[in-house]
file run-v7.txt (compact mmCIF, C-alpha atoms)
# COMPACT_ATOMS: atom_id res chain seq x y z
CA MET A 1 134.86 76.84 96.52
CA ILE A 2 134.41 73.09 97.05
CA PRO A 3 133.07 71.96 100.46
CA GLN A 4 135.69 69.55 101.88
CA ARG A 5 133.77 67.89 104.73
CA ALA A 6 131.19 65.16 104.02
CA SER A 7 127.87 66.80 104.88
CA SER A 8 124.47 67.73 103.51
CA GLY A 9 126.18 70.93 102.28
CA ARG A 10 128.60 68.91 100.16
CA ALA A 11 125.78 66.72 98.85
CA ALA A 12 123.73 69.83 97.97
CA TRP A 13 126.74 71.40 96.26
CA ALA A 14 127.45 68.24 94.23
CA LEU A 15 123.78 67.77 93.27
CA HIS A 16 123.46 71.43 92.20
CA ARG A 17 126.57 71.17 90.02
CA ALA A 18 125.59 67.78 88.57
CA SER A 19 122.03 68.91 87.76
CA GLY A 20 123.42 72.11 86.20
CA LEU A 21 125.81 70.18 83.97
CA LEU A 22 123.13 67.70 82.89
CA LEU A 23 120.74 70.59 82.18
CA ALA A 24 123.43 72.29 80.09
CA MET A 25 123.63 69.11 77.98
CA TYR A 26 119.84 68.97 77.80
CA VAL A 27 119.70 72.59 76.55
CA VAL A 28 121.97 71.69 73.61
CA VAL A 29 119.78 68.67 72.73
CA HIS A 30 116.61 70.80 73.16
CA LEU A 31 117.87 73.53 70.83
CA MET A 32 118.99 71.00 68.20
CA LEU A 33 115.56 69.37 68.46
CA MET A 34 113.82 72.76 68.04
CA ARG A 35 115.96 73.49 65.01
CA SER A 36 115.00 70.14 63.50
CA LEU A 37 111.26 70.18 64.30
CA LEU A 38 110.70 73.76 63.17
CA GLY A 39 112.23 72.90 59.79
CA SER A 40 109.08 71.37 58.30
CA GLU A 41 105.62 70.17 59.17
CA ASP A 42 106.63 66.53 58.60
CA ALA A 43 109.63 66.81 60.92
CA PHE A 44 107.41 68.46 63.55
CA ALA A 45 104.84 65.65 63.38
CA ARG A 46 107.60 63.01 63.55
CA TRP A 47 109.22 64.57 66.64
CA MET A 48 105.88 65.12 68.37
CA ARG A 49 105.12 61.40 67.94
CA VAL A 50 108.47 60.60 69.62
CA LEU A 51 107.97 63.13 72.44
CA GLY A 52 104.35 62.07 72.96
CA GLY A 53 105.35 58.41 73.45
CA SER A 54 106.29 56.87 76.78
CA ALA A 55 110.05 57.11 76.18
CA GLY A 56 109.76 60.79 75.16
CA LYS A 57 107.65 61.62 78.20
CA ALA A 58 110.06 59.72 80.47
CA ALA A 59 112.99 61.76 79.09
CA LEU A 60 111.03 65.02 79.55
CA SER A 61 110.11 63.92 83.10
CA LEU A 62 113.79 63.43 83.87
CA ALA A 63 114.59 66.91 82.47
CA LEU A 64 111.77 68.40 84.59
CA GLY A 65 113.24 66.67 87.66
CA LEU A 66 116.67 68.15 87.00
CA LEU A 67 115.13 71.58 86.41
CA SER A 68 113.02 71.42 89.61
CA TRP A 69 116.02 70.41 91.70
CA HIS A 70 118.37 72.98 90.15
CA ALA A 71 115.83 75.82 90.54
CA VAL A 72 114.92 75.05 94.17
CA SER A 73 118.56 74.37 95.04
CA GLY A 74 119.49 77.70 93.38
CA PHE A 75 117.10 79.53 95.72
CA ARG A 76 118.79 77.71 98.62
CA VAL A 77 122.21 78.87 97.40
CA MET A 78 120.92 82.48 97.28
CA TRP A 79 119.49 82.08 100.79
CA LEU A 80 122.88 80.75 101.97
CA ASP A 81 124.56 83.94 100.69
CA THR A 82 122.61 85.98 103.24
CA ALA A 83 121.87 83.41 105.96
CA PRO A 84 123.66 83.74 109.33
CA GLU A 85 126.30 81.15 110.30
CA SER A 86 123.96 79.64 112.89
CA SER A 87 121.29 78.77 110.27
CA ARG A 88 120.02 75.21 110.10
CA HIS A 89 121.63 74.26 106.80
CA ALA A 90 120.80 70.55 106.98
CA ALA A 91 117.13 71.35 107.60
CA ALA A 92 117.18 73.80 104.67
CA PHE A 93 118.63 71.06 102.44
CA ARG A 94 115.88 68.63 103.47
CA ALA A 95 113.20 71.29 102.91
CA CYS A 96 114.73 71.99 99.50
CA ALA A 97 114.55 68.28 98.58
CA VAL A 98 110.88 68.07 99.67
CA VAL A 99 109.88 71.21 97.70
CA ALA A 100 111.81 70.07 94.59
CA CYS A 101 110.13 66.64 94.74
CA GLY A 102 106.72 68.29 95.13
CA VAL A 103 107.27 70.61 92.16
CA TRP A 104 108.60 67.71 90.08
CA LEU A 105 105.68 65.39 90.88
CA LEU A 106 103.19 68.15 89.98
CA ALA A 107 105.01 68.90 86.70
CA VAL A 108 105.19 65.19 85.80
CA ALA A 109 101.49 64.69 86.63
CA MET A 110 100.67 67.61 84.30
CA LEU A 111 102.93 66.23 81.56
CA TRP A 112 101.41 62.75 81.68
CA GLY A 113 97.89 64.18 81.89
CA PHE A 114 97.08 62.93 85.41
CA VAL A 115 96.05 66.39 86.58
CA GLY A 116 94.76 69.54 84.90
CA ARG A 117 93.61 69.56 81.29
CA MET B 1 129.91 97.31 98.12
CA ILE B 2 131.68 96.49 94.86
CA VAL B 3 132.89 100.09 94.36
CA GLY B 4 136.52 100.38 95.38
CA LEU B 5 137.42 96.74 94.86
CA PRO B 6 140.38 95.93 92.57
CA GLY B 7 139.41 95.26 88.91
CA PRO B 8 139.50 91.42 88.83
CA VAL B 9 137.67 91.15 92.18
CA ALA B 10 135.01 93.65 91.08
CA ARG B 11 134.55 91.72 87.81
CA ALA B 12 134.16 88.45 89.72
CA ALA B 13 131.62 90.10 92.04
CA HIS B 14 129.64 91.50 89.09
CA LEU B 15 129.61 88.07 87.45
CA TRP B 16 128.49 86.46 90.72
CA ILE B 17 125.57 88.91 91.01
CA ALA B 18 124.67 88.53 87.32
CA GLN B 19 124.66 84.73 87.71
CA ARG B 20 122.10 84.99 90.53
CA VAL B 21 119.95 87.61 88.78
CA SER B 22 119.91 85.55 85.56
CA GLY B 23 118.91 82.50 87.62
CA LEU B 24 115.96 84.36 89.14
CA LEU B 25 114.83 85.71 85.76
CA LEU B 26 115.20 82.24 84.23
CA ALA B 27 113.01 80.71 86.94
CA VAL B 28 110.24 83.17 86.01
CA GLY B 29 110.85 82.93 82.25
CA LEU B 30 110.89 79.12 82.17
CA LEU B 31 107.69 79.01 84.21
CA VAL B 32 106.01 81.29 81.63
CA HIS B 33 107.45 79.15 78.79
CA LEU B 34 106.20 75.87 80.31
CA LEU B 35 102.76 77.27 81.22
CA ARG B 36 102.38 78.69 77.70
CA LEU B 37 103.08 75.22 76.26
CA TYR B 38 100.76 73.60 78.81
CA HIS B 39 97.89 75.89 77.76
CA ALA B 40 98.53 75.35 74.02
CA PRO B 41 95.63 73.84 72.03
CA ARG B 42 95.88 70.03 71.96
CA PRO B 43 97.38 68.38 70.05
CA VAL B 44 100.13 71.00 69.66
CA ASP B 45 100.59 71.53 65.95
CA TYR B 46 103.21 73.06 63.71
CA HIS B 47 101.06 76.08 62.78
CA TRP B 48 100.44 77.01 66.42
CA VAL B 49 104.20 76.94 67.19
CA THR B 50 105.24 78.86 64.06
CA GLY B 51 102.36 81.29 64.67
CA MET B 52 103.57 81.93 68.21
CA LEU B 53 107.15 82.44 67.03
CA SER B 54 105.93 84.88 64.35
CA ASN B 55 104.46 87.10 67.06
CA PRO B 56 107.08 89.82 67.81
CA GLY B 57 106.30 89.72 71.54
CA TRP B 58 106.73 85.96 71.94
CA ARG B 59 109.71 85.96 69.61
CA SER B 60 111.42 88.66 71.72
CA PHE B 61 110.52 86.75 74.88
CA HIS B 62 112.16 83.58 73.56
CA VAL B 63 115.26 85.44 72.35
CA ALA B 64 115.57 87.07 75.82
CA LEU B 65 115.09 83.65 77.45
CA LEU B 66 117.82 82.22 75.20
CA CYS B 67 120.21 85.07 76.17
CA LEU B 68 119.57 84.47 79.88
CA LEU B 69 119.91 80.72 79.47
CA VAL B 70 123.21 80.92 77.59
CA PHE B 71 124.62 83.45 80.06
CA HIS B 72 123.59 81.40 83.12
CA LEU B 73 124.84 78.18 81.51
CA THR B 74 128.25 79.53 80.47
CA ALA B 75 128.83 81.29 83.82
CA GLY B 76 127.85 78.09 85.65
CA VAL B 77 130.13 75.87 83.56
CA ARG B 78 132.92 78.43 84.05
CA TYR B 79 132.58 78.15 87.85
CA PHE B 80 132.58 74.36 87.55
CA LEU B 81 135.75 74.33 85.43
CA ARG B 82 137.51 76.87 87.67
CA ASP B 83 136.84 74.68 90.70
CA LEU B 84 138.51 71.71 88.98
CA ALA B 85 142.02 73.15 89.17
CA PRO B 86 143.36 76.32 90.81
CA VAL B 87 145.73 77.03 87.91
CA ARG B 88 145.61 80.48 86.30
CA ARG B 89 146.62 79.25 82.84
CA PHE B 90 143.90 76.58 82.96
CA HIS B 91 141.36 79.23 84.05
CA ARG B 92 142.22 81.40 81.06
CA ILE B 93 141.82 78.48 78.62
CA ALA B 94 138.58 77.41 80.33
CA ASP B 95 137.20 80.98 80.08
CA TRP B 96 137.80 81.10 76.34
CA ALA B 97 136.49 77.58 75.79
CA VAL B 98 133.31 78.35 77.72
CA LEU B 99 132.85 81.61 75.81
CA LEU B 100 133.22 79.77 72.51
CA VAL B 101 130.79 77.01 73.49
CA GLY B 102 128.32 79.63 74.76
CA ALA B 103 128.50 81.48 71.43
CA VAL B 104 127.86 78.24 69.51
CA ILE B 105 124.85 77.35 71.71
CA PHE B 106 123.49 80.91 71.35
CA LEU B 107 123.79 80.76 67.55
CA LEU B 108 122.15 77.33 67.50
CA GLY B 109 119.19 78.67 69.50
CA LEU B 110 118.97 81.85 67.46
CA GLN B 111 118.95 79.83 64.26
CA ALA B 112 116.09 77.68 65.60
CA LEU B 113 114.06 80.71 66.71
CA LEU B 114 114.66 83.07 63.81
CA GLY B 115 114.79 80.33 61.18
CA ALA B 116 111.22 79.23 61.93
CA PRO B 117 108.80 80.00 59.08
CA GLN B 118 106.93 83.29 59.50
CA VAL B 119 103.14 83.19 59.57
CA ARG B 120 101.40 86.40 58.50

call {"tool": "encode", "arguments": {"input": "run-v7.txt", "output": "structure tokens"}}
result
Amino acid sequence: MIPQRASSGRAAWALHRASGLLLAMYVVVHLMLMRSLLGSEDAFARWMRVLGGSAGKAALSLALGLLSWHAVSGFRVMWLDTAPESSRHAAAFRACAVVACGVWLLAVAMLWGFVGR
Amino acid sequence: MIVGLPGPVARAAHLWIAQRVSGLLLAVGLLVHLLRLYHAPRPVDYHWVTGMLSNPGWRSFHVALLCLLVFHLTAGVRYFLRDLAPVRRFHRIADWAVLLVGAVIFLLGLQALLGAPQVR
């Protein structure tokens, strides 16, 4: 069911679908990459050099952003299935965006080595 | 709640529930997957990865994660395609196309996981 009226609900719906589709494409690339890098020690070292570089980390950061948004937005969708009509949907959308950004920033900081190990 | 519904409606309801359950399990599974990689010895090397994938427990975990991922992905893309046009014939073609693509992605993942060299 596609929300017809311009609202935070429509934006959330579009962002959830768009992030899901982009993640689906990422999964295909990820699996092809796994297939390639597990093939030999040389291929593994080559791919790790690419993924360990700035461009590789930037691409992984983008994938982590999509994943954070899609996961948090998915919880919002499940909440919507049980929430009463009078619920504050716009506030839930904003809260969802804040949580997703927080999770993403933490994940990116861990990936780039700014926090943790 | 689903008991007593006509066949196609009950099937749609089951798929809807399965989509949400798979999403929840994926959230947990991907968190475990990412934390496992985060706690890997640095730099991550080939022998550590192949060693992990040789462990029956981790191998089963990754195969289960792949199954959940492919199910969630194909069901999600199916919903997306079905929303594009309310035409039954198009829905039938989209269902088959999504099933085919899902099978290809699953085989690709299975090949990567099971094709990895075994470390004894």

call {"tool": "interface_residues", "arguments": {"input": "run-v7.txt", "of": "chain A", "to": "chain B", "cutoff": "9 Å", "atoms": "only C-alpha atoms", "output": "VMD selection string"}}
result
chain A and resid 1 to 2 17 20 to 21 23 to 24 27 to 28 31 to 42 44 to 45 48 71 74 to 75 78 110 to 111 117

call {"tool": "residues_around", "arguments": {"input": "run-v7.txt", "residues": "Arg94 of chain A", "least_positions_apart": "2", "cutoff": "12 Å", "atoms": "only C-alpha atoms", "output": "list in words"}}
result
Ser8, Gly9, Ala11, Ala12, Trp69, Val72, Ser73, Arg76, Arg88, His89, Ala90, Ala91, Ala92, Cys96, Ala97, Val98, Val99, Ala100 and Cys101 of chain A

call {"tool": "atom_distance", "arguments": {"input": "run-v7.txt", "atom1": "atom CA of Pro8 of chain B", "atom2": "atom CA of Ala14 of chain A"}}
result
26.7 Å

call {"tool": "atom_distance", "arguments": {"input": "run-v7.txt", "atom1": "atom CA of Gly7 of chain B", "atom2": "atom CA of Ala103 of chain B"}}
result
24.8 Å

call {"tool": "atom_distance", "arguments": {"input": "run-v7.txt", "atom1": "atom CA of Gln118 of chain B", "atom2": "atom CA of Gly51 of chain B"}}
result
7.2 Å

call {"tool": "build_atoms", "arguments": {"input": "run-v7.txt", "residues": "segment 17-50 of chain A", "atoms": "N, CA and C atoms", "output": "JSON list (two decimals), in the coordinates of the input"}}
result
[["chain", "number", "residue", "atom", "x", "y", "z"],
["A", 17, "ARG", "N", 125.64, 71.15, 91.16],
["A", 17, "ARG", "CA", 126.57, 71.17, 90.02],
["A", 17, "ARG", "C", 126.20, 70.10, 89.00],
["A", 18, "ALA", "N", 125.91, 68.88, 89.49],
["A", 18, "ALA", "CA", 125.59, 67.78, 88.57],
["A", 18, "ALA", "C", 124.31, 68.09, 87.78],
["A", 19, "SER", "N", 123.29, 68.60, 88.48],
["A", 19, "SER", "CA", 122.03, 68.91, 87.76],
["A", 19, "SER", "C", 122.26, 70.04, 86.76],
["A", 20, "GLY", "N", 123.11, 71.00, 87.12],
["A", 20, "GLY", "CA", 123.42, 72.11, 86.20],
["A", 20, "GLY", "C", 124.11, 71.62, 84.94],
["A", 21, "LEU", "N", 125.08, 70.71, 85.12],
["A", 21, "LEU", "CA", 125.81, 70.18, 83.97],
["A", 21, "LEU", "C", 124.90, 69.35, 83.06],
["A", 22, "LEU", "N", 124.05, 68.52, 83.69],
["A", 22, "LEU", "CA", 123.13, 67.70, 82.89],
["A", 22, "LEU", "C", 122.11, 68.59, 82.16],
["A", 23, "LEU", "N", 121.67, 69.67, 82.83],
["A", 23, "LEU", "CA", 120.74, 70.59, 82.18],
["A", 23, "LEU", "C", 121.41, 71.32, 81.01],
["A", 24, "ALA", "N", 122.70, 71.64, 81.18],
["A", 24, "ALA", "CA", 123.43, 72.29, 80.09],
["A", 24, "ALA", "C", 123.44, 71.38, 78.85],
["A", 25, "MET", "N", 123.65, 70.06, 79.10],
["A", 25, "MET", "CA", 123.63, 69.11, 77.98],
["A", 25, "MET", "C", 122.23, 69.02, 77.39],
["A", 26, "TYR", "N", 121.23, 69.04, 78.27],
["A", 26, "TYR", "CA", 119.84, 68.97, 77.80],
["A", 26, "TYR", "C", 119.50, 70.18, 76.92],
["A", 27, "VAL", "N", 119.99, 71.36, 77.31],
["A", 27, "VAL", "CA", 119.70, 72.59, 76.55],
["A", 27, "VAL", "C", 120.20, 72.44, 75.10],
["A", 28, "VAL", "N", 121.41, 71.88, 74.96],
["A", 28, "VAL", "CA", 121.97, 71.69, 73.61],
["A", 28, "VAL", "C", 121.06, 70.76, 72.79],
["A", 29, "VAL", "N", 120.66, 69.64, 73.42],
["A", 29, "VAL", "CA", 119.78, 68.67, 72.73],
["A", 29, "VAL", "C", 118.44, 69.36, 72.39],
["A", 30, "HIS", "N", 117.90, 70.12, 73.35],
["A", 30, "HIS", "CA", 116.61, 70.80, 73.16],
["A", 30, "HIS", "C", 116.68, 71.78, 71.98],
["A", 31, "LEU", "N", 117.75, 72.54, 71.91],
["A", 31, "LEU", "CA", 117.87, 73.53, 70.83],
["A", 31, "LEU", "C", 118.05, 72.84, 69.47],
["A", 32, "MET", "N", 118.81, 71.73, 69.45],
["A", 32, "MET", "CA", 118.99, 71.00, 68.20],
["A", 32, "MET", "C", 117.64, 70.40, 67.75],
["A", 33, "LEU", "N", 116.88, 69.94, 68.74],
["A", 33, "LEU", "CA", 115.56, 69.37, 68.46],
["A", 33, "LEU", "C", 114.63, 70.45, 67.89],
["A", 34, "MET", "N", 114.66, 71.64, 68.52],
["A", 34, "MET", "CA", 113.82, 72.76, 68.04],
["A", 34, "MET", "C", 114.18, 73.11, 66.60],
["A", 35, "ARG", "N", 115.49, 73.14, 66.34],
["A", 35, "ARG", "CA", 115.96, 73.49, 65.01],
["A", 35, "ARG", "C", 115.44, 72.47, 63.99],
["A", 36, "SER", "N", 115.45, 71.20, 64.40],
["A", 36, "SER", "CA", 115.00, 70.14, 63.50],
["A", 36, "SER", "C", 113.47, 70.18, 63.31],
["A", 37, "LEU", "N", 112.72, 70.29, 64.44],
["A", 37, "LEU", "CA", 111.26, 70.18, 64.30],
["A", 37, "LEU", "C", 110.59, 71.41, 63.72],
["A", 38, "LEU", "N", 111.29, 72.56, 63.78],
["A", 38, "LEU", "CA", 110.70, 73.76, 63.17],
["A", 38, "LEU", "C", 111.00, 73.84, 61.67],
["A", 39, "GLY", "N", 111.83, 72.89, 61.21],
["A", 39, "GLY", "CA", 112.23, 72.90, 59.79],
["A", 39, "GLY", "C", 111.09, 72.62, 58.84],
["A", 40, "SER", "N", 110.20, 71.71, 59.18],
["A", 40, "SER", "CA", 109.08, 71.37, 58.30],
["A", 40, "SER", "C", 107.95, 70.75, 59.11],
["A", 41, "GLU", "N", 106.79, 70.73, 58.50],
["A", 41, "GLU", "CA", 105.62, 70.17, 59.17],
["A", 41, "GLU", "C", 105.78, 68.67, 59.43],
["A", 42, "ASP", "N", 106.41, 67.98, 58.45],
["A", 42, "ASP", "CA", 106.63, 66.53, 58.60],
["A", 42, "ASP", "C", 107.56, 66.24, 59.76],
["A", 43, "ALA", "N", 108.66, 67.02, 59.83],
["A", 43, "ALA", "CA", 109.63, 66.81, 60.92],
["A", 43, "ALA", "C", 108.96, 67.09, 62.26],
["A", 44, "PHE", "N", 108.12, 68.11, 62.31],
["A", 44, "PHE", "CA", 107.41, 68.46, 63.55],
["A", 44, "PHE", "C", 106.54, 67.29, 64.01],
["A", 45, "ALA", "N", 105.75, 66.76, 63.05],
["A", 45, "ALA", "CA", 104.84, 65.65, 63.38],
["A", 45, "ALA", "C", 105.63, 64.43, 63.86],
["A", 46, "ARG", "N", 106.76, 64.17, 63.20],
["A", 46, "ARG", "CA", 107.60, 63.01, 63.55],
["A", 46, "ARG", "C", 108.12, 63.15, 65.00],
["A", 47, "TRP", "N", 108.66, 64.35, 65.30],
["A", 47, "TRP", "CA", 109.22, 64.57, 66.64],
["A", 47, "TRP", "C", 108.13, 64.57, 67.72],
["A", 48, "MET", "N", 106.95, 65.10, 67.37],
["A", 48, "MET", "CA", 105.88, 65.12, 68.37],
["A", 48, "MET", "C", 105.41, 63.71, 68.70],
["A", 49, "ARG", "N", 105.47, 62.81, 67.69],
["A", 49, "ARG", "CA", 105.12, 61.40, 67.94],
["A", 49, "ARG", "C", 106.13, 60.79, 68.92],
["A", 50, "VAL", "N", 107.42, 61.12, 68.73],
["A", 50, "VAL", "CA", 108.47, 60.60, 69.62],
["A", 50, "VAL", "C", 108.29, 61.16, 71.03]]
